[in-house]
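A short write-up of the structure that comes next.
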Amino acid sequence: MGHREQLLTAARRLLEEKGYAHITTRDLVAASGTNLHSIGYHFGSKAGLLNAAIGEVFEQWTDQLAAIAMADPAATPVERGRRAWAAMLDSLPSTRDLLLSYVEALAQAERTVSLREQFAEQYRRCRGKVAGLVAESLGDGVDPADRRCQAVASFVIAICDGLSVQWLLDPDGAPTSEELTEGLAAMWSASFPHPIGR
């Protein structure tokens, strides 16, 4: 493993153990077995390294949820979305520390243009990945760049972010995956009370 990978591995571990706001460059150097120069060379700054580590974690999380959503080739697009949201809700307890670090990092990014752009780019990549899944679900050769795919992807990400923040602030009051399923079913049946084509 090179210095870049060592730093990312150490950053991820420290994000879980200490939280974004409490990690120092000395912590990162000690945990990675590298040096201060390596942080600047590979990531520009301590914040750049921590944000890159957060980005990697959430890209992996997106890939895991995508695999769950797309596991059943016969599932409808709505069912795939429901499965991904349910899996995300069920996984929140095991990702709480990283989620909290992510929220702390967002507050810092508002004051630093380069860090805000780093997060914005991570969202663009995530939106592109989800739009690709939406296009695959819709079929008919629709392009992931189609505005409809992009809009659905943005909606899916907004739901994930909103549910995550609700859970972080009030784990007992946030919806469970079962409640989310019931809510989606109620909304769907109210919006489309009769089968399409009748």
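In the structure tokens, chains take the letters A, B, ... in the order shown, each chain's residues start at 1, and ligands count up from 1 in the order shown.
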
(message) as a ChimeraX atom specification, please: the residues near Phe43 of chain A (cut-off 12 Å, only C-alpha atoms, same-chain neighbours under 4 positions excluded).
(response) /A:3-5,7-8,11,36-39,47-53,114-115,118

(request) Based on DSSP run over this structure's backbone, return all residues of segment 108-180 of chain A in helix (DSSP H, G or I), as number ranges by chain. (result) A: 108-109, 113-138, 147-169, 177-180

With only C-alpha atoms as the counted atoms, please give the residues lying no more than 12 Å from segment 158-160 of chain A, apart from itself and same-chain residues fewer than 4 positions off, as a short mmCIF file (atom, residue, chain, number, x, y, z; two decimals) with N, CA and C atoms, in the first residue's frame.
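The resulting file, around.cif, is shown below:
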data_model
loop_
_atom_site.label_atom_id
_atom_site.label_comp_id
_atom_site.auth_asym_id
_atom_site.auth_seq_id
_atom_site.Cartn_x
_atom_site.Cartn_y
_atom_site.Cartn_z
N PHE A 58 -18.72 6.81 1.27
CA PHE A 58 -20.08 6.94 0.77
C PHE A 58 -20.23 6.41 -0.65
N TRP A 61 -20.72 2.79 0.01
CA TRP A 61 -22.08 2.63 0.52
C TRP A 61 -23.09 2.67 -0.62
N THR A 62 -22.90 3.62 -1.54
CA THR A 62 -23.77 3.72 -2.71
C THR A 62 -23.72 2.44 -3.53
N LEU A 65 -25.71 -0.33 -1.75
CA LEU A 65 -27.16 -0.12 -1.88
C LEU A 65 -27.61 -0.39 -3.31
N GLY A 81 -36.20 1.17 -5.61
CA GLY A 81 -35.97 2.32 -4.74
C GLY A 81 -36.31 2.01 -3.30
N ARG A 82 -37.43 1.34 -3.09
CA ARG A 82 -37.84 0.98 -1.73
C ARG A 82 -36.81 0.07 -1.06
N ARG A 83 -36.29 -0.89 -1.80
CA ARG A 83 -35.29 -1.81 -1.24
C ARG A 83 -34.01 -1.06 -0.86
N ALA A 84 -33.59 -0.13 -1.71
CA ALA A 84 -32.37 0.63 -1.40
C ALA A 84 -32.56 1.48 -0.16
N TRP A 85 -33.70 2.17 -0.05
CA TRP A 85 -33.96 3.00 1.13
C TRP A 85 -34.06 2.16 2.39
N ALA A 86 -34.72 1.02 2.29
CA ALA A 86 -34.85 0.14 3.46
C ALA A 86 -33.48 -0.36 3.90
N ALA A 87 -32.66 -0.76 2.94
CA ALA A 87 -31.30 -1.23 3.28
C ALA A 87 -30.48 -0.11 3.90
N MET A 88 -30.64 1.11 3.39
CA MET A 88 -29.91 2.23 3.94
C MET A 88 -30.32 2.47 5.39
N LEU A 89 -31.64 2.48 5.66
CA LEU A 89 -32.10 2.68 7.03
C LEU A 89 -31.57 1.59 7.96
N ASP A 90 -31.59 0.36 7.50
CA ASP A 90 -31.12 -0.75 8.33
C ASP A 90 -29.62 -0.68 8.60
N SER A 91 -28.87 -0.02 7.71
CA SER A 91 -27.41 0.04 7.87
C SER A 91 -26.95 1.24 8.70
N LEU A 92 -27.87 2.17 9.02
CA LEU A 92 -27.45 3.40 9.71
C LEU A 92 -26.77 3.17 11.06
N LEU A 99 -21.30 8.89 9.52
CA LEU A 99 -22.35 9.84 9.14
C LEU A 99 -22.20 11.14 9.92
N TYR A 123 -21.06 14.44 -5.00
CA TYR A 123 -22.50 14.35 -5.27
C TYR A 123 -22.75 14.16 -6.76
N CYS A 126 -22.08 10.55 -7.55
CA CYS A 126 -23.15 9.72 -6.99
C CYS A 126 -24.42 9.86 -7.84
N ARG A 127 -24.76 11.09 -8.22
CA ARG A 127 -25.95 11.31 -9.04
C ARG A 127 -25.82 10.60 -10.38
N VAL A 130 -26.34 6.82 -9.75
CA VAL A 130 -27.74 6.49 -9.50
C VAL A 130 -28.56 6.68 -10.78
N ALA A 151 -33.34 13.59 -12.63
CA ALA A 151 -34.31 14.06 -11.63
C ALA A 151 -34.63 12.97 -10.61
N VAL A 152 -34.85 11.75 -11.09
CA VAL A 152 -35.13 10.64 -10.18
C VAL A 152 -33.92 10.38 -9.29
N ALA A 153 -32.73 10.44 -9.87
CA ALA A 153 -31.51 10.22 -9.08
C ALA A 153 -31.40 11.27 -7.97
N SER A 154 -31.67 12.52 -8.29
CA SER A 154 -31.62 13.59 -7.29
C SER A 154 -32.64 13.35 -6.19
N SER A 164 -31.22 9.97 6.63
CA SER A 164 -30.00 9.85 7.43
C SER A 164 -29.94 10.91 8.52
N VAL A 165 -30.27 12.16 8.15
CA VAL A 165 -30.24 13.24 9.14
C VAL A 165 -31.31 13.03 10.20
N GLN A 166 -32.52 12.62 9.78
CA GLN A 166 -33.57 12.34 10.76
C GLN A 166 -33.11 11.28 11.76
N TRP A 167 -32.50 10.22 11.24
CA TRP A 167 -32.07 9.13 12.10
C TRP A 167 -30.95 9.59 13.03
N PRO A 175 -38.19 7.00 10.82
CA PRO A 175 -38.94 5.84 10.33
C PRO A 175 -38.07 4.60 10.21
N SER A 177 -37.49 0.82 8.30
CA SER A 177 -37.65 0.42 6.90
C SER A 177 -39.08 -0.04 6.64
N LEU A 180 -41.26 3.05 6.37
CA LEU A 180 -41.01 3.69 5.09
C LEU A 180 -41.75 2.96 3.98
N LEU A 184 -44.58 4.63 1.58
CA LEU A 184 -44.48 4.62 0.12
C LEU A 184 -45.70 3.95 -0.51
#

(request) Name the closest residue to Ala174 of chain A among the candidates A:Ile157, A:Ala30, A:Ala75, A:Gly162; distances are taken between atoms, counting only C-alpha atoms. (result)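 Using only C-alpha atoms, Ala174 of chain A sits closest to A:Gly162.
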
Within 10 Å of Glu16 of chain A, counting only C-alpha atoms, which residues show up once you throw out same-chain ones fewer than 6 positions away? Write them as a PDB file with N, CA, C and O atoms, in the first residue's frame, please.
ATOM      1  N   THR A  95     -23.122   2.725  10.620  1.00  0.00           N
ATOM      2  CA  THR A  95     -22.383   3.810   9.952  1.00  0.00           C
ATOM      3  C   THR A  95     -22.532   5.148  10.685  1.00  0.00           C
ATOM      4  O   THR A  95     -22.142   6.183  10.154  1.00  0.00           O
ATOM      5  N   ARG A  96     -23.063   5.120  11.905  1.00  0.00           N
ATOM      6  CA  ARG A  96     -23.375   6.361  12.617  1.00  0.00           C
ATOM      7  C   ARG A  96     -22.164   7.286  12.756  1.00  0.00           C
ATOM      8  O   ARG A  96     -22.250   8.484  12.510  1.00  0.00           O
ATOM      9  N   ASP A  97     -21.034   6.745  13.179  1.00  0.00           N
ATOM     10  CA  ASP A  97     -19.858   7.581  13.425  1.00  0.00           C
ATOM     11  C   ASP A  97     -19.391   8.262  12.142  1.00  0.00           C
ATOM     12  O   ASP A  97     -19.027   9.452  12.151  1.00  0.00           O
ATOM     13  N   LEU A  98     -19.404   7.543  11.036  1.00  0.00           N
ATOM     14  CA  LEU A  98     -19.006   8.143   9.764  1.00  0.00           C
ATOM     15  C   LEU A  98     -20.028   9.165   9.285  1.00  0.00           C
ATOM     16  O   LEU A  98     -19.667  10.197   8.721  1.00  0.00           O
ATOM     17  N   LEU A  99     -21.299   8.889   9.519  1.00  0.00           N
ATOM     18  CA  LEU A  99     -22.348   9.839   9.142  1.00  0.00           C
ATOM     19  C   LEU A  99     -22.197  11.139   9.918  1.00  0.00           C
ATOM     20  O   LEU A  99     -22.317  12.230   9.358  1.00  0.00           O
ATOM     21  N   LEU A 100     -21.902  11.037  11.188  1.00  0.00           N
ATOM     22  CA  LEU A 100     -21.694  12.228  12.013  1.00  0.00           C
ATOM     23  C   LEU A 100     -20.487  13.020  11.515  1.00  0.00           C
ATOM     24  O   LEU A 100     -20.532  14.259  11.422  1.00  0.00           O
ATOM     25  N   SER A 101     -19.412  12.333  11.175  1.00  0.00           N
ATOM     26  CA  SER A 101     -18.232  13.019  10.626  1.00  0.00           C
ATOM     27  C   SER A 101     -18.574  13.729   9.324  1.00  0.00           C
ATOM     28  O   SER A 101     -18.079  14.821   9.051  1.00  0.00           O
TER      29      SER A 101
END
